$ cat query.txt   # compact mmCIF, N, CA and C atoms
# COMPACT_ATOMS: atom_id res chain seq x y z
N MET U 1 0.85 -1.17 0.00
CA MET U 1 0.00 0.00 0.00
C MET U 1 0.90 1.24 0.00
N THR U 2 0.57 2.19 -0.85
CA THR U 2 1.39 3.40 -0.93
C THR U 2 0.83 4.48 -0.01
N TRP U 3 1.63 5.50 0.23
CA TRP U 3 1.15 6.64 1.03
C TRP U 3 0.01 7.35 0.31
N ASN U 4 0.03 7.36 -1.02
CA ASN U 4 -1.09 7.93 -1.78
C ASN U 4 -2.37 7.17 -1.50
N ASP U 5 -2.29 5.83 -1.47
CA ASP U 5 -3.44 4.99 -1.14
C ASP U 5 -3.97 5.32 0.25
N ILE U 6 -3.05 5.44 1.20
CA ILE U 6 -3.44 5.73 2.59
C ILE U 6 -4.10 7.10 2.67
N GLY U 7 -3.57 8.08 1.96
CA GLY U 7 -4.11 9.43 2.01
C GLY U 7 -5.44 9.60 1.30
N ALA U 8 -5.74 8.71 0.37
CA ALA U 8 -6.95 8.87 -0.45
C ALA U 8 -8.10 7.97 -0.02
N ASN U 9 -7.88 7.11 0.97
CA ASN U 9 -8.90 6.12 1.30
C ASN U 9 -9.02 5.90 2.80
N ASN U 10 -10.13 5.30 3.20
CA ASN U 10 -10.21 4.72 4.54
C ASN U 10 -9.37 3.46 4.50
N VAL U 11 -8.60 3.22 5.57
CA VAL U 11 -7.65 2.11 5.55
C VAL U 11 -7.76 1.30 6.83
N ILE U 12 -7.65 -0.02 6.70
CA ILE U 12 -7.57 -0.91 7.85
C ILE U 12 -6.25 -1.67 7.76
N PHE U 13 -5.43 -1.52 8.79
CA PHE U 13 -4.20 -2.29 8.91
C PHE U 13 -4.45 -3.42 9.90
N VAL U 14 -4.14 -4.64 9.52
CA VAL U 14 -4.29 -5.79 10.42
C VAL U 14 -2.89 -6.38 10.60
N GLY U 15 -2.43 -6.37 11.83
CA GLY U 15 -1.11 -6.88 12.15
C GLY U 15 -0.24 -5.78 12.71
N PRO U 16 0.84 -6.17 13.38
CA PRO U 16 1.69 -5.19 14.06
C PRO U 16 2.50 -4.34 13.08
N PRO U 17 3.05 -3.23 13.57
CA PRO U 17 3.84 -2.34 12.72
C PRO U 17 5.02 -3.03 12.03
N LYS U 18 5.55 -4.10 12.60
CA LYS U 18 6.66 -4.78 11.92
C LYS U 18 6.22 -5.36 10.57
N PHE U 19 4.92 -5.58 10.38
CA PHE U 19 4.40 -6.05 9.11
C PHE U 19 3.72 -4.94 8.31
N ASN U 20 3.35 -3.87 8.97
CA ASN U 20 2.70 -2.71 8.34
C ASN U 20 3.56 -1.49 8.66
N LEU U 21 4.62 -1.32 7.90
CA LEU U 21 5.64 -0.33 8.23
C LEU U 21 5.09 1.10 8.29
N GLN U 22 4.08 1.43 7.50
CA GLN U 22 3.55 2.79 7.51
C GLN U 22 2.92 3.17 8.85
N VAL U 23 2.46 2.19 9.62
CA VAL U 23 1.81 2.47 10.90
C VAL U 23 2.76 3.23 11.83
N ARG U 24 4.03 2.87 11.81
CA ARG U 24 5.02 3.56 12.67
C ARG U 24 5.17 5.03 12.29
N ASP U 25 4.96 5.34 11.02
CA ASP U 25 5.21 6.69 10.51
C ASP U 25 3.96 7.54 10.34
N LEU U 26 2.83 7.05 10.81
CA LEU U 26 1.60 7.84 10.68
C LEU U 26 1.76 9.15 11.45
N PRO U 27 1.41 10.27 10.85
CA PRO U 27 1.56 11.56 11.53
C PRO U 27 0.40 11.85 12.48
N VAL U 28 0.16 10.92 13.39
CA VAL U 28 -0.94 11.03 14.34
C VAL U 28 -0.38 10.79 15.73
N VAL U 29 -0.71 11.66 16.67
CA VAL U 29 -0.28 11.47 18.05
C VAL U 29 -1.11 10.35 18.65
N GLN U 30 -0.42 9.32 19.15
CA GLN U 30 -1.09 8.19 19.76
C GLN U 30 -0.66 8.07 21.21
N ASP U 31 -1.58 7.69 22.07
CA ASP U 31 -1.27 7.50 23.49
C ASP U 31 -0.64 6.13 23.74
N LEU U 32 -1.01 5.15 22.92
CA LEU U 32 -0.60 3.77 23.11
C LEU U 32 0.10 3.29 21.84
N VAL U 33 1.25 2.64 22.02
CA VAL U 33 1.99 2.16 20.85
C VAL U 33 2.42 0.72 21.04
N ASP U 34 2.39 -0.01 19.95
CA ASP U 34 2.79 -1.41 19.93
C ASP U 34 4.31 -1.50 20.07
N ASP U 35 4.74 -2.40 20.91
CA ASP U 35 6.15 -2.65 21.15
C ASP U 35 6.31 -4.17 21.07
N ALA U 36 7.44 -4.66 20.65
CA ALA U 36 7.62 -6.11 20.51
C ALA U 36 7.38 -6.85 21.83
N GLN U 37 7.54 -6.17 22.95
CA GLN U 37 7.38 -6.81 24.26
C GLN U 37 6.03 -6.53 24.91
N GLY U 38 5.18 -5.73 24.26
CA GLY U 38 3.88 -5.39 24.82
C GLY U 38 3.36 -4.09 24.24
N ILE U 39 2.50 -3.43 25.00
CA ILE U 39 1.91 -2.16 24.58
C ILE U 39 2.44 -1.06 25.50
N ARG U 40 3.08 -0.07 24.92
CA ARG U 40 3.62 1.04 25.69
C ARG U 40 2.55 2.13 25.83
N ASN U 41 2.32 2.56 27.06
CA ASN U 41 1.33 3.59 27.37
C ASN U 41 2.07 4.91 27.59
N LEU U 42 2.06 5.76 26.60
CA LEU U 42 2.82 7.02 26.65
C LEU U 42 2.18 8.07 27.54
N ARG U 43 0.87 7.96 27.77
CA ARG U 43 0.14 8.91 28.60
C ARG U 43 -0.80 8.15 29.54
N PRO U 44 -0.24 7.48 30.56
CA PRO U 44 -1.09 6.67 31.44
C PRO U 44 -2.14 7.50 32.17
N HIS U 45 -3.35 6.97 32.19
CA HIS U 45 -4.40 7.55 33.02
C HIS U 45 -4.14 7.10 34.46
N PRO U 46 -4.74 7.78 35.44
CA PRO U 46 -4.54 7.35 36.84
C PRO U 46 -4.86 5.86 37.01
N GLY U 47 -3.93 5.15 37.63
CA GLY U 47 -4.11 3.74 37.89
C GLY U 47 -3.71 2.82 36.75
N GLU U 48 -3.35 3.37 35.60
CA GLU U 48 -2.94 2.55 34.46
C GLU U 48 -1.43 2.35 34.49
N PRO U 49 -0.97 1.18 34.03
CA PRO U 49 0.47 0.98 33.91
C PRO U 49 1.02 1.75 32.71
N SER U 50 2.31 2.00 32.74
CA SER U 50 2.95 2.65 31.59
C SER U 50 3.34 1.62 30.53
N PHE U 51 3.19 0.35 30.88
CA PHE U 51 3.52 -0.71 29.94
C PHE U 51 2.65 -1.94 30.22
N PHE U 52 2.01 -2.45 29.17
CA PHE U 52 1.23 -3.68 29.26
C PHE U 52 2.13 -4.78 28.72
N GLU U 53 2.80 -5.48 29.63
CA GLU U 53 3.81 -6.46 29.25
C GLU U 53 3.19 -7.69 28.60
N GLU U 54 3.91 -8.22 27.62
CA GLU U 54 3.42 -9.35 26.84
C GLU U 54 3.07 -10.55 27.72
N GLY U 55 3.85 -10.84 28.72
CA GLY U 55 3.48 -11.91 29.64
C GLY U 55 3.98 -13.27 29.25
N THR U 56 3.17 -14.27 29.48
CA THR U 56 3.60 -15.66 29.41
C THR U 56 3.21 -16.35 28.11
N PHE U 57 3.25 -15.65 27.00
CA PHE U 57 2.85 -16.26 25.74
C PHE U 57 3.98 -17.11 25.17
N ASP U 58 3.67 -18.36 24.82
CA ASP U 58 4.65 -19.27 24.22
C ASP U 58 4.41 -19.33 22.72
N PRO U 59 5.29 -18.71 21.92
CA PRO U 59 5.07 -18.68 20.47
C PRO U 59 5.24 -20.05 19.80
N GLN U 60 5.80 -21.01 20.50
CA GLN U 60 5.97 -22.35 19.92
C GLN U 60 4.66 -23.11 19.83
N ASN U 61 3.82 -23.00 20.87
CA ASN U 61 2.55 -23.73 20.83
C ASN U 61 1.33 -22.82 20.87
N GLY U 62 1.54 -21.49 20.81
CA GLY U 62 0.43 -20.55 20.73
C GLY U 62 -0.45 -20.54 21.96
N THR U 63 0.15 -20.66 23.12
CA THR U 63 -0.61 -20.70 24.36
C THR U 63 -0.05 -19.69 25.35
N GLY U 64 -0.93 -19.04 26.08
CA GLY U 64 -0.51 -18.08 27.10
C GLY U 64 -1.36 -16.84 27.10
N GLU U 65 -0.72 -15.72 27.44
CA GLU U 65 -1.42 -14.44 27.52
C GLU U 65 -0.73 -13.44 26.60
N THR U 66 -1.53 -12.61 25.96
CA THR U 66 -0.99 -11.65 25.02
C THR U 66 -1.84 -10.39 25.01
N HIS U 67 -1.30 -9.32 24.44
CA HIS U 67 -2.02 -8.05 24.32
C HIS U 67 -2.13 -7.65 22.85
N ALA U 68 -3.06 -6.77 22.61
CA ALA U 68 -3.24 -6.21 21.27
C ALA U 68 -3.73 -4.78 21.41
N LEU U 69 -3.64 -4.05 20.33
CA LEU U 69 -4.04 -2.65 20.32
C LEU U 69 -4.99 -2.40 19.17
N ILE U 70 -6.10 -1.75 19.48
CA ILE U 70 -7.06 -1.30 18.47
C ILE U 70 -6.97 0.21 18.45
N SER U 71 -6.70 0.78 17.27
CA SER U 71 -6.58 2.23 17.15
C SER U 71 -7.45 2.72 16.01
N ARG U 72 -8.35 3.64 16.30
CA ARG U 72 -9.13 4.31 15.25
C ARG U 72 -8.58 5.72 15.19
N LEU U 73 -7.97 6.07 14.05
CA LEU U 73 -7.20 7.30 13.91
C LEU U 73 -7.71 8.12 12.73
N PRO U 74 -7.46 9.43 12.77
CA PRO U 74 -7.83 10.24 11.61
C PRO U 74 -6.95 9.91 10.41
N GLY U 75 -7.52 10.01 9.23
CA GLY U 75 -6.74 9.77 8.01
C GLY U 75 -5.80 10.93 7.73
N LEU U 76 -4.98 10.74 6.74
CA LEU U 76 -4.03 11.77 6.36
C LEU U 76 -4.77 13.01 5.84
N HIS U 77 -4.27 14.17 6.17
CA HIS U 77 -4.80 15.45 5.69
C HIS U 77 -6.27 15.66 6.05
N GLY U 78 -6.71 15.03 7.14
CA GLY U 78 -8.08 15.20 7.60
C GLY U 78 -9.10 14.48 6.74
N SER U 79 -8.65 13.58 5.89
CA SER U 79 -9.56 12.86 5.00
C SER U 79 -9.57 11.39 5.37
N GLY U 80 -10.75 10.83 5.56
CA GLY U 80 -10.87 9.41 5.84
C GLY U 80 -10.46 9.04 7.25
N GLU U 81 -10.38 7.74 7.47
CA GLU U 81 -10.03 7.20 8.78
C GLU U 81 -9.10 6.01 8.61
N ILE U 82 -8.35 5.75 9.67
CA ILE U 82 -7.43 4.62 9.69
C ILE U 82 -7.76 3.76 10.91
N LEU U 83 -7.94 2.48 10.69
CA LEU U 83 -8.15 1.53 11.77
C LEU U 83 -6.94 0.60 11.80
N VAL U 84 -6.33 0.46 12.97
CA VAL U 84 -5.19 -0.44 13.13
C VAL U 84 -5.58 -1.48 14.18
N VAL U 85 -5.48 -2.75 13.81
CA VAL U 85 -5.78 -3.87 14.71
C VAL U 85 -4.49 -4.69 14.76
N ALA U 86 -3.77 -4.60 15.89
CA ALA U 86 -2.44 -5.18 15.93
C ALA U 86 -2.14 -5.82 17.27
N GLY U 87 -1.72 -7.05 17.23
CA GLY U 87 -1.29 -7.74 18.45
C GLY U 87 0.21 -7.85 18.50
N THR U 88 0.73 -8.05 19.69
CA THR U 88 2.16 -8.28 19.82
C THR U 88 2.51 -9.69 19.33
N ALA U 89 1.53 -10.56 19.26
CA ALA U 89 1.66 -11.90 18.68
C ALA U 89 0.47 -12.11 17.74
N THR U 90 0.59 -13.04 16.84
CA THR U 90 -0.49 -13.32 15.89
C THR U 90 -1.81 -13.59 16.62
N ALA U 91 -1.74 -14.32 17.72
CA ALA U 91 -2.95 -14.63 18.48
C ALA U 91 -3.57 -13.37 19.05
N GLY U 92 -2.76 -12.38 19.40
CA GLY U 92 -3.27 -11.11 19.90
C GLY U 92 -4.00 -10.36 18.80
N THR U 93 -3.44 -10.39 17.59
CA THR U 93 -4.12 -9.76 16.46
C THR U 93 -5.46 -10.42 16.21
N LEU U 94 -5.50 -11.75 16.30
CA LEU U 94 -6.77 -12.47 16.14
C LEU U 94 -7.77 -12.06 17.21
N ALA U 95 -7.31 -11.95 18.47
CA ALA U 95 -8.20 -11.55 19.56
C ALA U 95 -8.75 -10.14 19.32
N ALA U 96 -7.90 -9.22 18.91
CA ALA U 96 -8.35 -7.85 18.65
C ALA U 96 -9.32 -7.80 17.47
N THR U 97 -9.06 -8.62 16.47
CA THR U 97 -9.97 -8.68 15.32
C THR U 97 -11.33 -9.21 15.75
N GLN U 98 -11.33 -10.23 16.60
CA GLN U 98 -12.60 -10.73 17.12
C GLN U 98 -13.29 -9.67 17.96
N PHE U 99 -12.50 -8.89 18.68
CA PHE U 99 -13.08 -7.85 19.54
C PHE U 99 -13.81 -6.79 18.72
N VAL U 100 -13.26 -6.40 17.58
CA VAL U 100 -13.92 -5.35 16.77
C VAL U 100 -14.97 -5.89 15.82
N THR U 101 -15.08 -7.23 15.70
CA THR U 101 -16.08 -7.78 14.79
C THR U 101 -17.20 -8.53 15.49
N SER U 102 -17.08 -8.74 16.78
CA SER U 102 -18.11 -9.44 17.54
C SER U 102 -19.04 -8.42 18.18
N GLU U 103 -20.32 -8.63 18.04
CA GLU U 103 -21.31 -7.70 18.59
C GLU U 103 -21.17 -7.53 20.10
N VAL U 104 -20.92 -8.62 20.81
CA VAL U 104 -20.79 -8.56 22.27
C VAL U 104 -19.61 -7.67 22.67
N TYR U 105 -18.46 -7.89 22.05
CA TYR U 105 -17.27 -7.12 22.40
C TYR U 105 -17.38 -5.67 21.91
N THR U 106 -17.94 -5.49 20.73
CA THR U 106 -18.10 -4.13 20.21
C THR U 106 -19.00 -3.32 21.13
N ARG U 107 -20.05 -3.94 21.62
CA ARG U 107 -20.95 -3.27 22.56
C ARG U 107 -20.17 -2.85 23.82
N GLU U 108 -19.31 -3.75 24.33
CA GLU U 108 -18.48 -3.42 25.50
C GLU U 108 -17.55 -2.24 25.20
N LEU U 109 -16.91 -2.27 24.04
CA LEU U 109 -16.00 -1.19 23.67
C LEU U 109 -16.73 0.14 23.58
N LEU U 110 -17.87 0.15 22.93
CA LEU U 110 -18.65 1.39 22.80
C LEU U 110 -19.10 1.90 24.17
N ARG U 111 -19.48 1.01 25.05
CA ARG U 111 -19.87 1.41 26.40
C ARG U 111 -18.69 2.07 27.13
N ARG U 112 -17.51 1.51 26.96
CA ARG U 112 -16.34 2.04 27.64
C ARG U 112 -15.91 3.42 27.11
N ILE U 113 -15.95 3.60 25.78
CA ILE U 113 -15.43 4.83 25.21
C ILE U 113 -16.46 5.96 25.12
N ARG U 114 -17.72 5.64 25.35
CA ARG U 114 -18.78 6.65 25.25
C ARG U 114 -18.46 7.82 26.18
N MET U 115 -18.56 9.03 25.67
CA MET U 115 -18.24 10.23 26.45
C MET U 115 -19.42 10.60 27.34
N PRO U 116 -19.20 11.43 28.36
CA PRO U 116 -20.28 11.81 29.27
C PRO U 116 -21.50 12.41 28.57
N ASN U 117 -21.29 13.05 27.41
CA ASN U 117 -22.41 13.64 26.68
C ASN U 117 -23.17 12.60 25.85
N GLY U 118 -22.74 11.32 25.94
CA GLY U 118 -23.42 10.25 25.23
C GLY U 118 -22.87 9.95 23.84
N LYS U 119 -21.98 10.80 23.35
CA LYS U 119 -21.44 10.60 22.01
C LYS U 119 -20.28 9.61 22.02
N ILE U 120 -20.09 8.98 20.88
CA ILE U 120 -18.96 8.09 20.68
C ILE U 120 -17.84 8.93 20.06
N PRO U 121 -16.65 8.95 20.66
CA PRO U 121 -15.57 9.75 20.08
C PRO U 121 -15.12 9.16 18.74
N PRO U 122 -14.75 10.00 17.81
CA PRO U 122 -14.35 9.47 16.50
C PRO U 122 -13.02 8.72 16.55
N TYR U 123 -12.13 9.10 17.47
CA TYR U 123 -10.80 8.50 17.50
C TYR U 123 -10.47 8.01 18.90
N PHE U 124 -9.94 6.80 18.96
CA PHE U 124 -9.65 6.19 20.26
C PHE U 124 -8.65 5.06 20.07
N GLN U 125 -8.14 4.59 21.20
CA GLN U 125 -7.30 3.40 21.23
C GLN U 125 -7.77 2.53 22.38
N ALA U 126 -7.65 1.22 22.20
CA ALA U 126 -8.04 0.28 23.25
C ALA U 126 -7.00 -0.84 23.34
N VAL U 127 -6.63 -1.18 24.57
CA VAL U 127 -5.71 -2.29 24.81
C VAL U 127 -6.55 -3.53 25.10
N ILE U 128 -6.29 -4.59 24.36
CA ILE U 128 -7.00 -5.85 24.51
C ILE U 128 -6.06 -6.88 25.14
N PHE U 129 -6.59 -7.62 26.10
CA PHE U 129 -5.85 -8.71 26.74
C PHE U 129 -6.53 -10.01 26.36
N ALA U 130 -5.73 -11.02 26.04
CA ALA U 130 -6.32 -12.31 25.66
C ALA U 130 -5.56 -13.47 26.29
N LYS U 131 -6.33 -14.45 26.75
CA LYS U 131 -5.77 -15.75 27.12
C LYS U 131 -5.98 -16.63 25.90
N VAL U 132 -4.93 -17.34 25.52
CA VAL U 132 -4.93 -18.08 24.27
C VAL U 132 -4.54 -19.53 24.51
N LYS U 133 -5.26 -20.44 23.85
CA LYS U 133 -4.94 -21.87 23.88
C LYS U 133 -4.78 -22.34 22.44
N LYS U 134 -3.61 -22.85 22.12
CA LYS U 134 -3.35 -23.37 20.77
C LYS U 134 -3.78 -22.38 19.69
N TRP U 135 -3.33 -21.14 19.82
CA TRP U 135 -3.55 -20.05 18.86
C TRP U 135 -4.98 -19.54 18.83
N THR U 136 -5.84 -19.99 19.74
CA THR U 136 -7.23 -19.57 19.75
C THR U 136 -7.51 -18.76 21.01
N PRO U 137 -7.96 -17.50 20.86
CA PRO U 137 -8.32 -16.71 22.05
C PRO U 137 -9.52 -17.36 22.75
N VAL U 138 -9.34 -17.67 24.04
CA VAL U 138 -10.43 -18.28 24.81
C VAL U 138 -11.04 -17.29 25.79
N GLU U 139 -10.32 -16.23 26.12
CA GLU U 139 -10.83 -15.13 26.94
C GLU U 139 -10.28 -13.84 26.35
N ILE U 140 -11.16 -12.86 26.17
CA ILE U 140 -10.74 -11.57 25.61
C ILE U 140 -11.37 -10.46 26.45
N SER U 141 -10.58 -9.44 26.78
CA SER U 141 -11.14 -8.30 27.51
C SER U 141 -10.40 -7.03 27.13
N CYS U 142 -11.09 -5.92 27.31
CA CYS U 142 -10.49 -4.60 27.11
C CYS U 142 -9.96 -4.15 28.47
N VAL U 143 -8.65 -3.89 28.57
CA VAL U 143 -8.07 -3.54 29.85
C VAL U 143 -7.76 -2.05 29.99
N ALA U 144 -7.82 -1.31 28.89
CA ALA U 144 -7.61 0.14 28.93
C ALA U 144 -8.09 0.75 27.63
N HIS U 145 -8.48 2.00 27.70
CA HIS U 145 -8.84 2.72 26.47
C HIS U 145 -8.52 4.20 26.66
N HIS U 146 -8.21 4.86 25.56
CA HIS U 146 -7.94 6.28 25.55
C HIS U 146 -8.71 6.92 24.41
N VAL U 147 -9.37 8.01 24.69
CA VAL U 147 -9.99 8.81 23.64
C VAL U 147 -8.91 9.75 23.14
N LEU U 148 -8.76 9.84 21.81
CA LEU U 148 -7.73 10.67 21.23
C LEU U 148 -8.29 11.99 20.75
N ASP U 149 -7.52 13.04 20.93
CA ASP U 149 -7.87 14.36 20.43
C ASP U 149 -7.29 14.50 19.03
N PRO U 150 -8.12 14.69 18.01
CA PRO U 150 -7.61 14.71 16.63
C PRO U 150 -6.72 15.91 16.32
N ARG U 151 -6.67 16.88 17.20
CA ARG U 151 -5.82 18.05 16.91
C ARG U 151 -4.43 17.67 17.09
$ encode --input "query.txt" --output "structure tokens"
Amino acid sequence: MTWNDIGANNVIFVGPPKFNLQVRDLPVVQDLVDDAQGIRNLRPHPGEPSFFEEGTFDPQNGTGETHALISRLPGLHGSGEILVVAGTATAGTLAATQFVTSEVYTRELLRRIRMPNGKIPPYFQAVIFAKVKKWTPVEISCVAHHVLDPR
């Protein structure tokens, strides 16, 4: 995908920045960023950790605990939107994908990010935690979320 494609369209990136190189260079201020060892929280809210560590995930048999990041960001030049669904491990990406495509989880996410005035913010990030057995997420939860200011 070229930068022209990204600037002219709504875009969904699935997978971590190591596979989607443009995600690292997006000119958007993000509170949460994918790191090979977990999710780095650059602006922790009260009570939040500054780092969501990857934990006990075994990449050999696809079992353990992992994190993922869902980011809905403004598109380039104020046009369109960018959705990034990325786990620190493949199983995390699968968990985050299930989170944004399952009605039950989407309802939970919308409940969490809804602003006091009842509106859904256009841009946000959410940290997803998953317990995984043989590459299959068996428990998925949202452990943190940040509403982003598009300015």
$ atom_distance --input "query.txt" --atom1 "CA of Val23 (chain U)" --atom2 "CA of Val84 (chain U)"
7.9 Å
$ select_by_dssp --input "query.txt" --residues "region 10-149 of chain U" --states "strand (DSSP E or B)" --output "PyMOL selection string"
chain U and resi 11-14+32-35+38-41+51-53+58+63-74+81-87+124-133+136-147
$ select_by_dssp --input "query.txt" --residues "region 17-132 of chain U" --states "alpha helix (DSSP H)" --output "list in words"
Leu21, Gln22, Val23, Arg24, Thr90, Ala91, Gly92, Thr93, Leu94, Ala95, Ala96, Thr97, Gln98, Phe99, Val100, Thr101, Glu103, Val104, Tyr105, Thr106, Arg107, Glu108, Leu109, Leu110, Arg111, Arg112 and Ile113 of chain U
$ atom_distance --input "query.txt" --atom1 "atom N of Trp3 (chain U)" --atom2 "atom C of Ile128 (chain U)"
28.9 Å
$ residues_around --input "query.txt" --residues "Pro137 (chain U)" --least-positions-apart "3" --cutoff "12 Å" --atoms "only C-alpha atoms" --output "PDB file with N, CA and C atoms, keeping the file's coordinate frame"
ATOM      1  N   PHE U  57       3.250 -15.650  27.000  1.00  0.00           N
ATOM      2  CA  PHE U  57       2.850 -16.260  25.740  1.00  0.00           C
ATOM      3  C   PHE U  57       3.980 -17.110  25.170  1.00  0.00           C
ATOM      4  N   GLY U  62       1.540 -21.490  20.810  1.00  0.00           N
ATOM      5  CA  GLY U  62       0.430 -20.550  20.730  1.00  0.00           C
ATOM      6  C   GLY U  62      -0.450 -20.540  21.960  1.00  0.00           C
ATOM      7  N   THR U  63       0.150 -20.660  23.120  1.00  0.00           N
ATOM      8  CA  THR U  63      -0.610 -20.700  24.360  1.00  0.00           C
ATOM      9  C   THR U  63      -0.050 -19.690  25.350  1.00  0.00           C
ATOM     10  N   GLY U  64      -0.930 -19.040  26.080  1.00  0.00           N
ATOM     11  CA  GLY U  64      -0.510 -18.080  27.100  1.00  0.00           C
ATOM     12  C   GLY U  64      -1.360 -16.840  27.100  1.00  0.00           C
ATOM     13  N   GLU U  65      -0.720 -15.720  27.440  1.00  0.00           N
ATOM     14  CA  GLU U  65      -1.420 -14.440  27.520  1.00  0.00           C
ATOM     15  C   GLU U  65      -0.730 -13.440  26.600  1.00  0.00           C
ATOM     16  N   THR U  66      -1.530 -12.610  25.960  1.00  0.00           N
ATOM     17  CA  THR U  66      -0.990 -11.650  25.020  1.00  0.00           C
ATOM     18  C   THR U  66      -1.840 -10.390  25.010  1.00  0.00           C
ATOM     19  N   HIS U  67      -1.300  -9.320  24.440  1.00  0.00           N
ATOM     20  CA  HIS U  67      -2.020  -8.050  24.320  1.00  0.00           C
ATOM     21  C   HIS U  67      -2.130  -7.650  22.850  1.00  0.00           C
ATOM     22  N   ALA U  68      -3.060  -6.770  22.610  1.00  0.00           N
ATOM     23  CA  ALA U  68      -3.240  -6.210  21.270  1.00  0.00           C
ATOM     24  C   ALA U  68      -3.730  -4.780  21.410  1.00  0.00           C
ATOM     25  N   GLY U  87      -1.720  -7.050  17.230  1.00  0.00           N
ATOM     26  CA  GLY U  87      -1.290  -7.740  18.450  1.00  0.00           C
ATOM     27  C   GLY U  87       0.210  -7.850  18.500  1.00  0.00           C
ATOM     28  N   ALA U  89       1.530 -10.560  19.260  1.00  0.00           N
ATOM     29  CA  ALA U  89       1.660 -11.900  18.680  1.00  0.00           C
ATOM     30  C   ALA U  89       0.470 -12.110  17.740  1.00  0.00           C
ATOM     31  N   THR U  90       0.590 -13.040  16.840  1.00  0.00           N
ATOM     32  CA  THR U  90      -0.490 -13.320  15.890  1.00  0.00           C
ATOM     33  C   THR U  90      -1.810 -13.590  16.620  1.00  0.00           C
ATOM     34  N   ALA U  91      -1.740 -14.320  17.720  1.00  0.00           N
ATOM     35  CA  ALA U  91      -2.950 -14.630  18.480  1.00  0.00           C
ATOM     36  C   ALA U  91      -3.570 -13.370  19.050  1.00  0.00           C
ATOM     37  N   GLY U  92      -2.760 -12.380  19.400  1.00  0.00           N
ATOM     38  CA  GLY U  92      -3.270 -11.110  19.900  1.00  0.00           C
ATOM     39  C   GLY U  92      -4.000 -10.360  18.800  1.00  0.00           C
ATOM     40  N   THR U  93      -3.440 -10.390  17.590  1.00  0.00           N
ATOM     41  CA  THR U  93      -4.120  -9.760  16.460  1.00  0.00           C
ATOM     42  C   THR U  93      -5.460 -10.420  16.210  1.00  0.00           C
ATOM     43  N   LEU U  94      -5.500 -11.750  16.300  1.00  0.00           N
ATOM     44  CA  LEU U  94      -6.770 -12.470  16.140  1.00  0.00           C
ATOM     45  C   LEU U  94      -7.770 -12.060  17.210  1.00  0.00           C
ATOM     46  N   ALA U  95      -7.310 -11.950  18.470  1.00  0.00           N
ATOM     47  CA  ALA U  95      -8.200 -11.550  19.560  1.00  0.00           C
ATOM     48  C   ALA U  95      -8.750 -10.140  19.320  1.00  0.00           C
ATOM     49  N   ALA U  96      -7.900  -9.220  18.910  1.00  0.00           N
ATOM     50  CA  ALA U  96      -8.350  -7.850  18.650  1.00  0.00           C
ATOM     51  C   ALA U  96      -9.320  -7.800  17.470  1.00  0.00           C
ATOM     52  N   THR U  97      -9.060  -8.620  16.470  1.00  0.00           N
ATOM     53  CA  THR U  97      -9.970  -8.680  15.320  1.00  0.00           C
ATOM     54  C   THR U  97     -11.330  -9.210  15.750  1.00  0.00           C
ATOM     55  N   GLN U  98     -11.330 -10.230  16.600  1.00  0.00           N
ATOM     56  CA  GLN U  98     -12.600 -10.730  17.120  1.00  0.00           C
ATOM     57  C   GLN U  98     -13.290  -9.670  17.960  1.00  0.00           C
ATOM     58  N   PHE U  99     -12.500  -8.890  18.680  1.00  0.00           N
ATOM     59  CA  PHE U  99     -13.080  -7.850  19.540  1.00  0.00           C
ATOM     60  C   PHE U  99     -13.810  -6.790  18.720  1.00  0.00           C
ATOM     61  N   ILE U 128      -6.290  -4.590  24.360  1.00  0.00           N
ATOM     62  CA  ILE U 128      -7.000  -5.850  24.510  1.00  0.00           C
ATOM     63  C   ILE U 128      -6.060  -6.880  25.140  1.00  0.00           C
ATOM     64  N   PHE U 129      -6.590  -7.620  26.100  1.00  0.00           N
ATOM     65  CA  PHE U 129      -5.850  -8.710  26.740  1.00  0.00           C
ATOM     66  C   PHE U 129      -6.530 -10.010  26.360  1.00  0.00           C
ATOM     67  N   ALA U 130      -5.730 -11.020  26.040  1.00  0.00           N
ATOM     68  CA  ALA U 130      -6.320 -12.310  25.660  1.00  0.00           C
ATOM     69  C   ALA U 130      -5.560 -13.470  26.290  1.00  0.00           C
ATOM     70  N   LYS U 131      -6.330 -14.450  26.750  1.00  0.00           N
ATOM     71  CA  LYS U 131      -5.770 -15.750  27.120  1.00  0.00           C
ATOM     72  C   LYS U 131      -5.980 -16.630  25.900  1.00  0.00           C
ATOM     73  N   VAL U 132      -4.930 -17.340  25.520  1.00  0.00           N
ATOM     74  CA  VAL U 132      -4.930 -18.080  24.270  1.00  0.00           C
ATOM     75  C   VAL U 132      -4.540 -19.530  24.510  1.00  0.00           C
ATOM     76  N   LYS U 133      -5.260 -20.440  23.850  1.00  0.00           N
ATOM     77  CA  LYS U 133      -4.940 -21.870  23.880  1.00  0.00           C
ATOM     78  C   LYS U 133      -4.780 -22.340  22.440  1.00  0.00           C
ATOM     79  N   LYS U 134      -3.610 -22.850  22.120  1.00  0.00           N
ATOM     80  CA  LYS U 134      -3.350 -23.370  20.770  1.00  0.00           C
ATOM     81  C   LYS U 134      -3.780 -22.380  19.690  1.00  0.00           C
ATOM     82  N   ILE U 140     -11.160 -12.860  26.170  1.00  0.00           N
ATOM     83  CA  ILE U 140     -10.740 -11.570  25.610  1.00  0.00           C
ATOM     84  C   ILE U 140     -11.370 -10.460  26.450  1.00  0.00           C
ATOM     85  N   SER U 141     -10.580  -9.440  26.780  1.00  0.00           N
ATOM     86  CA  SER U 141     -11.140  -8.300  27.510  1.00  0.00           C
ATOM     87  C   SER U 141     -10.400  -7.030  27.130  1.00  0.00           C
TER      88      SER U 141
END
$ atom_distance --input "query.txt" --atom1 "atom N of Ile12 (chain U)" --atom2 "atom N of Tyr105 (chain U)"
20.4 Å
$ closest_residue --input "query.txt" --among "U:Leu148, U:Cys142, U:Glu48, U:Ser102" --to "Pro121 (chain U)" --atoms "all atoms listed in the file"
U:Leu148
$ closest_residue --input "query.txt" --among "U:Asn9, U:Asn61, U:Ser71, U:Thr2" --to "Ala86 (chain U)" --atoms "only C-alpha atoms"
U:Ser71
$ closest_atom_pairs --input "query.txt" --of "region 80-141 of chain U" --to "region 29-32 of chain U" --cutoff "8 Å" --atoms "all atoms listed in the file" --output "Markdown table"
| residue | atom | partner | partner_atom | distance |
| --- | --- | --- | --- | --- |
| U:Phe124 | C | U:Asp31 | N | 7.8 |
| U:Gln125 | CA | U:Leu32 | N | 6.7 |
| U:Ala126 | N | U:Leu32 | CA | 7.6 |
| U:Val127 | N | U:Leu32 | CA | 7.9 |
